[in-house]
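See below for the structure under consideration.
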Amino acid sequence: MRNVKSRRTLHAREIMPKQITLAVAILAASVIAVVTIVASSARYEHATSGIAAEPRVERCRLRDPRAPLRPIPNPPRADPREVALGARLFDDKRLSSDDSISCASCHVLALGGADGRRLSVGIGGAIGAINAPTVLNSGLLFAQFWDGRAQTLEEQIDGTLHDPAEMASSWPDILAKLARDPALVQRFRELYPEGLEAATVKRAIATFERSLLTPDSAFDRWLCSDDAALDSSAIRGVALFTEYGCVSCHQGVAIGGNMFQKFGVAGDYFATREPTASDRGRYNVTGELADRYVFKVPRLRNVALTAPYFHDASAPTLEVAVTVMARYQLGRTIPSDDLADIVAFLRALTGELPRVAP
Ligand code: HEC
Ligand code: HEC
């Protein structure tokens, strides 16, 4: 747990109080970027329980080693049998109370790891309260859920399994069902001395999730000095993403997922409607007024595949999402040329999707 302390300090610094101006925020961004890159890579190793990540993307000659946007690293080393067991469980409907839903029902890997709906549909048609994010590249995030209430992927699983609007299940039920499957029990015995337990089910699924990185997007190839990987519009988009200050929040290897920020830094995003419980964001976790409307900055990797956008699914397209971001996070209106370029950059963030055997 050697990283916990430094990560906490980091949050405190990154949740910028309102009175700090955006200019200061952007100036601070480069400092934060360096610190968070160090922190996120440390976390990444930590997440692999002590096994160091393999050398990053062999053959990559970085265009700018100090840039705040970084290529996706190699997945952490893992036992392929454990990854395969996790994949099997990710697709296993016995994890839900009435055997109707698996993780894959709401996180469709071949379509980008989300469900394409505004709100997910759980057990018995129950409608969720918040948009489902992708699971792809989740191993790179510093916390899980929109409000960051789970620290690890293992912890995240408990939330989902027990949520009455999702899988509505319980560990005693799940373990009883899985224990009636001798072939599965055997696979657990081969991998873990303790065999089939809640902890090993979570460990297998989380190990599988950490393997779900999507390297080799056009943008990654460009970061690794392949000039032809991006067209001129996307290249202008990269520069604009930095100049407008998007990069002060969306940064690092996942282009997001390494800090909490308020939704509505430069204007009241929730002014025109009654905020819902989910809108309160991190306030639901800490109970602190300063955390109202604060969310984990989402990763923008593969963002072109995961419409609709925002925790409330209010933006149907990338164009709308970027316009809203400019207005409420930066206090800017974006001319249509710049908007098209930024969207071209975001579309270049689609990487190689994991090929998971059915
Ligand atoms: C009924 C649909 C549904 C099912 C089934 C489901 N999820 Fe999710 N998942 C969601 C929603 C909605 C969220 C966002 C919840 C929130 O942030 O409060 C989420 C969030 C996540 C996150 C956090 C991602 C991030 O960016 O913070 C991960 C990881 C995840 N789910 C993995 C899983 C796993 C593993 C399973 C199976 C054990 C699973 N999900 C089952 C809908 C679902
Ligand atoms: C002050 C921090 C901050 C800045 C600056 C910022 N964002 Fe965001 N961005 C966020 C947060 C927080 C969210 C999540 C909002 C929510 O849904 O609650 C978000 C969400 C998004 C999303 C939706 C992602 C998804 O999966 O739903 C996109 C796309 C996006 N931002 C792009 C941009 C672009 C492009 C810029 C620059 C024009 C930008 N952002 C500037 C913090 C920021």
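By convention in this document, the chains of the structure tokens carry letters A, B, ... by their order, each chain's residues are numbered from 1, and ligands are numbered from 1 in the order they are shown.
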Excluding stretch 285-291 of chain A and residues on its chain fewer than 4 positions from it, collect all residues at most 8 Å away from it, counting only C-alpha atoms, and give them as JSON, numbers by chain. {"A": [17, 147, 149, 262, 280, 281]}
At a cut-off of 6 Å around ligand 1, and using only C-alpha atoms and all ligand atoms, what residues come up? Please write them as a PyMOL selection string. chain A and resi 90+101-103+105-106+120-122+130-133+135+138+144-146+153+157+160-161+166-167
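Checking A:Asp91, A:Glu243, A:Glu274, A:Asp79 one by one against ligand 2, counting only C-alpha atoms and all ligand atoms, you find the shortest gap at A:Glu243.
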Which residues are close to A:Ala165, i.e. within 9 Å by only C-alpha atoms, leaving aside same-chain residues fewer than 6 positions away? Reply as a PyMOL selection string. chain A and resi 120-129
7 Å shell around ligand 2 using only C-alpha atoms and all ligand atoms, listed as a ChimeraX atom specification: /A:133,241,244-250,260-263,265,294-300,303,306,308-312,318,321-322,325-326,329-330,342
Those residues you just picked out, can you put them in a file as a short mmCIF file (atom, residue, chain, number, x, y, z; two decimals), in the first residue's frame with N, CA and C atoms?
```cif
data_model
loop_
_atom_site.label_atom_id
_atom_site.label_comp_id
_atom_site.auth_asym_id
_atom_site.auth_seq_id
_atom_site.Cartn_x
_atom_site.Cartn_y
_atom_site.Cartn_z
N PRO A 133 -19.95 3.28 -17.75
CA PRO A 133 -18.67 3.53 -18.44
C PRO A 133 -18.14 2.23 -19.04
N PHE A 241 -6.38 20.56 -27.94
CA PHE A 241 -6.70 19.88 -26.67
C PHE A 241 -5.80 20.42 -25.56
N TYR A 244 -6.57 24.68 -25.31
CA TYR A 244 -7.81 25.00 -24.59
C TYR A 244 -7.73 24.63 -23.11
N GLY A 245 -6.85 23.71 -22.78
CA GLY A 245 -6.72 23.32 -21.38
C GLY A 245 -7.43 22.03 -21.01
N CYS A 246 -7.94 21.30 -22.03
CA CYS A 246 -8.58 20.00 -21.75
C CYS A 246 -7.59 19.10 -21.01
N VAL A 247 -6.32 19.23 -21.40
CA VAL A 247 -5.28 18.35 -20.88
C VAL A 247 -4.99 18.59 -19.39
N SER A 248 -5.46 19.73 -18.86
CA SER A 248 -5.24 19.93 -17.42
C SER A 248 -6.06 18.93 -16.62
N CYS A 249 -7.12 18.38 -17.21
CA CYS A 249 -7.92 17.36 -16.52
C CYS A 249 -7.79 15.98 -17.16
N HIS A 250 -7.82 15.92 -18.49
CA HIS A 250 -7.75 14.62 -19.20
C HIS A 250 -6.30 14.41 -19.61
N PHE A 260 -9.98 13.79 -9.59
CA PHE A 260 -11.39 14.19 -9.48
C PHE A 260 -11.50 15.66 -9.84
N GLN A 261 -12.61 16.03 -10.50
CA GLN A 261 -12.84 17.44 -10.82
C GLN A 261 -14.34 17.71 -10.77
N LYS A 262 -14.66 18.96 -10.52
CA LYS A 262 -16.07 19.35 -10.51
C LYS A 262 -16.61 19.40 -11.94
N PHE A 263 -17.84 18.94 -12.13
CA PHE A 263 -18.52 19.13 -13.42
C PHE A 263 -19.23 20.48 -13.31
N VAL A 265 -16.95 23.71 -13.54
CA VAL A 265 -15.92 24.59 -12.97
C VAL A 265 -16.18 26.04 -13.38
N VAL A 294 -18.63 16.76 -8.02
CA VAL A 294 -17.25 16.37 -8.38
C VAL A 294 -17.26 14.91 -8.84
N PHE A 295 -16.60 14.65 -9.97
CA PHE A 295 -16.56 13.31 -10.56
C PHE A 295 -15.12 12.94 -10.89
N LYS A 296 -14.90 11.64 -11.03
CA LYS A 296 -13.63 11.20 -11.59
C LYS A 296 -13.59 11.69 -13.03
N VAL A 297 -12.50 12.31 -13.44
CA VAL A 297 -12.38 12.72 -14.85
C VAL A 297 -12.33 11.45 -15.70
N PRO A 298 -13.29 11.27 -16.62
CA PRO A 298 -13.31 10.00 -17.35
C PRO A 298 -12.13 9.86 -18.31
N ARG A 299 -11.74 8.63 -18.55
CA ARG A 299 -10.71 8.37 -19.58
C ARG A 299 -11.34 8.65 -20.93
N LEU A 300 -10.55 9.19 -21.86
CA LEU A 300 -11.08 9.43 -23.20
C LEU A 300 -10.63 8.37 -24.19
N VAL A 303 -13.23 6.77 -26.73
CA VAL A 303 -14.44 7.52 -26.40
C VAL A 303 -15.42 7.56 -27.59
N THR A 306 -18.27 5.01 -27.19
CA THR A 306 -19.07 4.86 -25.97
C THR A 306 -20.09 5.98 -25.74
N PRO A 308 -23.89 7.31 -25.31
CA PRO A 308 -23.90 8.75 -25.01
C PRO A 308 -22.93 9.10 -23.88
N TYR A 309 -22.66 10.40 -23.73
CA TYR A 309 -21.60 10.86 -22.84
C TYR A 309 -22.12 11.53 -21.56
N PHE A 310 -21.26 11.57 -20.60
CA PHE A 310 -21.42 12.13 -19.25
C PHE A 310 -22.16 11.16 -18.35
N HIS A 311 -22.00 11.37 -17.04
CA HIS A 311 -22.61 10.44 -16.08
C HIS A 311 -24.12 10.38 -16.27
N ASP A 312 -24.70 11.50 -16.78
CA ASP A 312 -26.15 11.54 -16.97
C ASP A 312 -26.54 11.26 -18.41
N LEU A 318 -20.06 13.26 -29.65
CA LEU A 318 -18.80 13.87 -29.19
C LEU A 318 -18.83 15.38 -29.38
N ALA A 321 -20.64 16.79 -26.50
CA ALA A 321 -19.86 16.63 -25.26
C ALA A 321 -18.73 17.66 -25.20
N VAL A 322 -18.02 17.85 -26.31
CA VAL A 322 -16.88 18.78 -26.30
C VAL A 322 -17.38 20.22 -26.14
N MET A 325 -18.17 20.64 -22.52
CA MET A 325 -16.92 20.72 -21.76
C MET A 325 -16.31 22.12 -21.86
N ALA A 326 -16.24 22.64 -23.10
CA ALA A 326 -15.63 23.96 -23.31
C ALA A 326 -16.40 25.00 -22.49
N GLN A 329 -16.45 23.67 -18.34
CA GLN A 329 -15.17 23.42 -17.67
C GLN A 329 -14.16 24.52 -17.95
N LEU A 330 -14.34 25.22 -19.09
CA LEU A 330 -13.31 26.20 -19.48
C LEU A 330 -13.87 27.59 -19.72
N ILE A 342 -10.80 18.87 -32.69
CA ILE A 342 -10.72 18.16 -31.40
C ILE A 342 -11.44 16.81 -31.51
#
```
